Amino acid sequence: MNNENKNSDKIETNSAIAQDEITIELEPFTEEAQDTMQEAHVEEVTPQEDDINAIISVLQAEISNLRGLLEEQSQKAEQYKKQYLTIAADFENFRKRTEKEKEEQEIKGKRQTIVELLSVVDNFERARVQIKPDTDGETAIHKSYQGVYKNLVDGLKKLGVSAMRPEGEIFNPQYHEAMLRESTDEHPEGTVIEQLVRGYTLNDQVLRHAMVKVAAPLEIPTHPQEENQT
């Protein structure tokens with residue numbers, strides 16, 4: 001019994017000694033392994049953070065450059081837009097000016113042509129008033145050239161020509177030209193009594209002024225007796 005106890009104590013003693021030896025051997029290994037692992041972690045992590053920071057710096061620089069280029073391109077685009085709008089406005093003004101000049105030239109040419117024809121119309125009207133056909137042959141000729149006159153007047157009307165009829169109107173220098181003044185008490189002063197040469201308008205613009213006779217106030221004679229009494 002004593003021998004068994006002794007053997008058991010011996011085994012426990014040997015186990016404790018073995019465990020202490022293992023602990024002593026593991027502790028230095030564990031501390032060294034931890035240091036090695038920490039150094040390895042530092043060596044692995046630190047370069048990665050530096051690379052990331054470097055990449056971030058490069059990206060920020062690239063973004064800044066891109067922003068600068070974008071701003072520069074935006075300014076150029078705005079300048080091109082302004083230039084385009086200016087050119088478009090100039091072209092539109094040129095187009096309108098050209099169309100207006102073209103219209104003015106057409107109207108000027110039309111006016112000159114019509115003015116030349118008005119003298120022919122005047123001759124037809126004088127002939128109609130002055131010539132009194134006596135024979136059938138003269139009547140036929142008269143009707144023939146009056147037919148030409150009518151066609152000419154109709155053609156002028158289609159072009160926008162209208163004859164003035166100022167008789168009875170108040171004299172207006174924009175449309176009338178006073179050739180004679182006649183003293184009368186039958187019409188108010190300044191009234192157009194007679195149209196001597198017919199006036200015409202072209203699209204409401206004066207083509208030729210009407211030459212007219214205008215009413216003047218009637219002069220009342222002064223008697224000598226009235227002068228002496230005065």
# chains A, B, ... in the order shown; residues from 1 in each chain; ligands from 1
>>> residues_around(residues="segment 115-132 of chain A", least_positions_apart="5", cutoff="10 Å", atoms="only C-alpha atoms", output="PDB file with N, CA and C atoms, in the first residue's frame")
ATOM      1  N   GLY A 109     -39.206 100.159-108.806  1.00  0.00           N
ATOM      2  CA  GLY A 109     -39.354  99.843-110.227  1.00  0.00           C
ATOM      3  C   GLY A 109     -40.804  99.875-110.668  1.00  0.00           C
ATOM      4  N   LYS A 110     -41.683  99.355-109.817  1.00  0.00           N
ATOM      5  CA  LYS A 110     -43.109  99.374-110.138  1.00  0.00           C
ATOM      6  C   LYS A 110     -43.623 100.809-110.223  1.00  0.00           C
ATOM      7  N   GLU A 138     -66.202 107.394-136.498  1.00  0.00           N
ATOM      8  CA  GLU A 138     -65.535 108.054-135.379  1.00  0.00           C
ATOM      9  C   GLU A 138     -65.983 107.446-134.049  1.00  0.00           C
ATOM     10  N   THR A 139     -67.250 107.105-133.975  1.00  0.00           N
ATOM     11  CA  THR A 139     -67.759 106.480-132.746  1.00  0.00           C
ATOM     12  C   THR A 139     -67.103 105.119-132.520  1.00  0.00           C
ATOM     13  N   HIS A 142     -63.644 105.741-131.352  1.00  0.00           N
ATOM     14  CA  HIS A 142     -63.696 106.241-129.974  1.00  0.00           C
ATOM     15  C   HIS A 142     -63.910 105.079-128.986  1.00  0.00           C
ATOM     16  N   LYS A 143     -64.847 104.216-129.292  1.00  0.00           N
ATOM     17  CA  LYS A 143     -65.102 103.065-128.422  1.00  0.00           C
ATOM     18  C   LYS A 143     -63.896 102.128-128.376  1.00  0.00           C
ATOM     19  N   TYR A 145     -60.543 102.858-128.666  1.00  0.00           N
ATOM     20  CA  TYR A 145     -59.444 103.280-127.796  1.00  0.00           C
ATOM     21  C   TYR A 145     -59.908 103.450-126.345  1.00  0.00           C
ATOM     22  N   GLN A 146     -61.206 103.692-126.139  1.00  0.00           N
ATOM     23  CA  GLN A 146     -61.702 103.723-124.771  1.00  0.00           C
ATOM     24  C   GLN A 146     -61.701 102.319-124.155  1.00  0.00           C
ATOM     25  N   VAL A 148     -59.320 100.164-124.854  1.00  0.00           N
ATOM     26  CA  VAL A 148     -57.911 100.027-124.447  1.00  0.00           C
ATOM     27  C   VAL A 148     -57.679 100.743-123.122  1.00  0.00           C
ATOM     28  N   TYR A 149     -58.264 101.933-122.994  1.00  0.00           N
ATOM     29  CA  TYR A 149     -58.138 102.715-121.754  1.00  0.00           C
ATOM     30  C   TYR A 149     -58.690 101.923-120.565  1.00  0.00           C
ATOM     31  N   LYS A 150     -59.858 101.317-120.747  1.00  0.00           N
ATOM     32  CA  LYS A 150     -60.453 100.537-119.661  1.00  0.00           C
ATOM     33  C   LYS A 150     -59.568  99.366-119.257  1.00  0.00           C
ATOM     34  N   LEU A 152     -56.359  99.190-119.556  1.00  0.00           N
ATOM     35  CA  LEU A 152     -55.184  99.747-118.883  1.00  0.00           C
ATOM     36  C   LEU A 152     -55.514 100.106-117.436  1.00  0.00           C
ATOM     37  N   VAL A 153     -56.656 100.740-117.219  1.00  0.00           N
ATOM     38  CA  VAL A 153     -57.055 101.116-115.858  1.00  0.00           C
ATOM     39  C   VAL A 153     -57.286  99.879-115.000  1.00  0.00           C
ATOM     40  N   LEU A 156     -53.995  98.508-113.892  1.00  0.00           N
ATOM     41  CA  LEU A 156     -53.394  99.319-112.828  1.00  0.00           C
ATOM     42  C   LEU A 156     -54.066  99.042-111.488  1.00  0.00           C
ATOM     43  N   VAL A 197     -55.513 117.777-112.502  1.00  0.00           N
ATOM     44  CA  VAL A 197     -54.784 116.582-112.965  1.00  0.00           C
ATOM     45  C   VAL A 197     -54.969 115.517-111.893  1.00  0.00           C
ATOM     46  N   ARG A 198     -55.455 114.358-112.318  1.00  0.00           N
ATOM     47  CA  ARG A 198     -55.814 113.319-111.358  1.00  0.00           C
ATOM     48  C   ARG A 198     -54.583 112.798-110.611  1.00  0.00           C
ATOM     49  N   GLY A 199     -54.782 112.601-109.309  1.00  0.00           N
ATOM     50  CA  GLY A 199     -53.735 112.007-108.484  1.00  0.00           C
ATOM     51  C   GLY A 199     -53.983 110.525-108.270  1.00  0.00           C
ATOM     52  N   TYR A 200     -52.899 109.810-107.938  1.00  0.00           N
ATOM     53  CA  TYR A 200     -53.007 108.350-107.764  1.00  0.00           C
ATOM     54  C   TYR A 200     -52.216 107.914-106.534  1.00  0.00           C
ATOM     55  N   LEU A 207     -48.664 108.073-105.210  1.00  0.00           N
ATOM     56  CA  LEU A 207     -47.916 107.812-106.430  1.00  0.00           C
ATOM     57  C   LEU A 207     -47.726 109.107-107.227  1.00  0.00           C
ATOM     58  N   ARG A 208     -48.790 109.906-107.247  1.00  0.00           N
ATOM     59  CA  ARG A 208     -48.728 111.226-107.864  1.00  0.00           C
ATOM     60  C   ARG A 208     -49.754 112.120-107.181  1.00  0.00           C
TER      61      ARG A 208
END
>>> select_by_dssp(residues="segment 118-201 of chain A", states="alpha helix (DSSP H)", output="PyMOL selection string")
chain A and resi 118-130+136-158
>>> select_by_dssp(residues="segment 137-210 of chain A", states="strand (DSSP E or B)", output="list of chain:residue names")
A:Val161, A:Ser162, A:Ala163, A:Ile170, A:His176, A:Glu177, A:Ala178, A:Met179, A:Leu180, A:Arg181, A:Glu182, A:Ser183, A:Thr191, A:Val192, A:Ile193, A:Glu194, A:Gln195, A:Leu196, A:Val197, A:Tyr200, A:Thr201, A:Leu202, A:Gln205, A:Val206, A:Leu207, A:Arg208, A:Ala210
>>> decode(residues="segment 64-174 of chain A", atoms="C-alpha atoms", output="compact mmCIF listing (two decimals), in the first residue's frame")
# COMPACT_ATOMS: atom_id res chain seq x y z
CA SER A 64 -8.52 68.38 -60.17
CA ASN A 65 -7.06 68.32 -63.68
CA LEU A 66 -10.32 67.00 -65.11
CA ARG A 67 -12.24 69.76 -63.35
CA GLY A 68 -9.87 72.32 -64.80
CA LEU A 69 -10.25 70.87 -68.29
CA LEU A 70 -14.03 70.72 -67.88
CA GLU A 71 -14.13 74.36 -66.79
CA GLU A 72 -11.93 75.36 -69.70
CA GLN A 73 -14.10 73.44 -72.17
CA SER A 74 -17.24 74.97 -70.64
CA GLN A 75 -15.81 78.47 -71.12
CA LYS A 76 -14.89 77.66 -74.72
CA ALA A 77 -18.35 76.24 -75.33
CA GLU A 78 -19.91 79.41 -73.92
CA GLN A 79 -17.69 81.54 -76.17
CA TYR A 80 -18.64 79.44 -79.20
CA LYS A 81 -22.31 79.78 -78.24
CA LYS A 82 -22.02 83.57 -78.03
CA GLN A 83 -20.18 83.68 -81.36
CA TYR A 84 -22.85 81.49 -82.94
CA LEU A 85 -25.66 83.67 -81.59
CA THR A 86 -23.88 86.79 -82.83
CA ILE A 87 -23.36 85.31 -86.29
CA ALA A 88 -26.96 84.06 -86.39
CA ALA A 89 -28.26 87.50 -85.40
CA ASP A 90 -26.05 89.20 -87.99
CA PHE A 91 -27.23 86.79 -90.66
CA GLU A 92 -30.88 87.34 -89.69
CA ASN A 93 -30.41 91.11 -89.84
CA PHE A 94 -28.67 90.75 -93.21
CA ARG A 95 -31.51 88.57 -94.50
CA LYS A 96 -34.16 91.04 -93.35
CA ARG A 97 -32.20 93.98 -94.73
CA THR A 98 -31.74 92.22 -98.06
CA GLU A 99 -35.43 91.35 -98.28
CA LYS A 100 -36.38 94.92 -97.41
CA GLU A 101 -34.00 96.33 -100.02
CA LYS A 102 -35.37 93.87 -102.56
CA GLU A 103 -38.94 94.92 -101.78
CA GLU A 104 -37.98 98.58 -101.98
CA GLN A 105 -36.33 98.04 -105.36
CA GLU A 106 -39.38 96.19 -106.63
CA ILE A 107 -41.69 98.96 -105.40
CA LYS A 108 -39.41 101.61 -106.87
CA GLY A 109 -39.35 99.84 -110.23
CA LYS A 110 -43.11 99.37 -110.14
CA ARG A 111 -43.67 103.04 -109.25
CA GLN A 112 -41.44 104.25 -112.07
CA THR A 113 -43.23 102.03 -114.58
CA ILE A 114 -46.67 103.08 -113.40
CA VAL A 115 -45.77 106.77 -113.41
CA GLU A 116 -44.78 106.43 -117.06
CA LEU A 117 -48.14 104.80 -117.79
CA LEU A 118 -50.08 107.54 -116.03
CA SER A 119 -49.30 110.00 -118.81
CA VAL A 120 -50.93 107.54 -121.23
CA VAL A 121 -53.97 107.35 -118.95
CA ASP A 122 -54.12 111.16 -118.88
CA ASN A 123 -54.17 111.27 -122.67
CA PHE A 124 -57.01 108.76 -122.83
CA GLU A 125 -59.03 110.80 -120.33
CA ARG A 126 -58.43 114.04 -122.24
CA ALA A 127 -59.49 112.37 -125.46
CA ARG A 128 -62.66 111.07 -123.84
CA VAL A 129 -63.59 114.58 -122.70
CA GLN A 130 -62.49 116.59 -125.71
CA ILE A 131 -63.28 114.34 -128.67
CA LYS A 132 -66.92 114.22 -129.70
CA PRO A 133 -67.42 111.66 -132.48
CA ASP A 134 -69.91 112.72 -135.18
CA THR A 135 -69.99 109.74 -137.52
CA ASP A 136 -70.37 106.02 -136.96
CA GLY A 137 -66.76 105.51 -137.95
CA GLU A 138 -65.54 108.05 -135.38
CA THR A 139 -67.76 106.48 -132.75
CA ALA A 140 -66.29 103.05 -133.48
CA ILE A 141 -62.75 104.43 -133.16
CA HIS A 142 -63.70 106.24 -129.97
CA LYS A 143 -65.10 103.07 -128.42
CA SER A 144 -62.04 101.14 -129.54
CA TYR A 145 -59.44 103.28 -127.80
CA GLN A 146 -61.70 103.72 -124.77
CA GLY A 147 -61.72 99.93 -124.53
CA VAL A 148 -57.91 100.03 -124.45
CA TYR A 149 -58.14 102.71 -121.75
CA LYS A 150 -60.45 100.54 -119.66
CA ASN A 151 -58.11 97.54 -119.90
CA LEU A 152 -55.18 99.75 -118.88
CA VAL A 153 -57.06 101.12 -115.86
CA ASP A 154 -58.15 97.61 -114.79
CA GLY A 155 -54.55 96.42 -115.01
CA LEU A 156 -53.39 99.32 -112.83
CA LYS A 157 -56.07 98.52 -110.25
CA LYS A 158 -54.77 94.95 -110.02
CA LEU A 159 -51.33 96.38 -109.24
CA GLY A 160 -52.79 98.35 -106.34
CA VAL A 161 -53.22 101.70 -108.08
CA SER A 162 -56.19 103.83 -107.05
CA ALA A 163 -57.33 107.17 -108.48
CA MET A 164 -57.91 110.04 -106.09
CA ARG A 165 -61.26 111.82 -105.97
CA PRO A 166 -60.53 114.86 -103.83
CA GLU A 167 -63.44 117.07 -104.90
CA GLY A 168 -65.26 118.33 -101.80
CA GLU A 169 -62.43 117.32 -99.44
CA ILE A 170 -60.36 119.71 -97.37
CA PHE A 171 -57.03 120.46 -99.00
CA ASN A 172 -54.34 118.06 -97.71
CA PRO A 173 -50.77 118.79 -98.83
CA GLN A 174 -49.88 115.13 -98.37
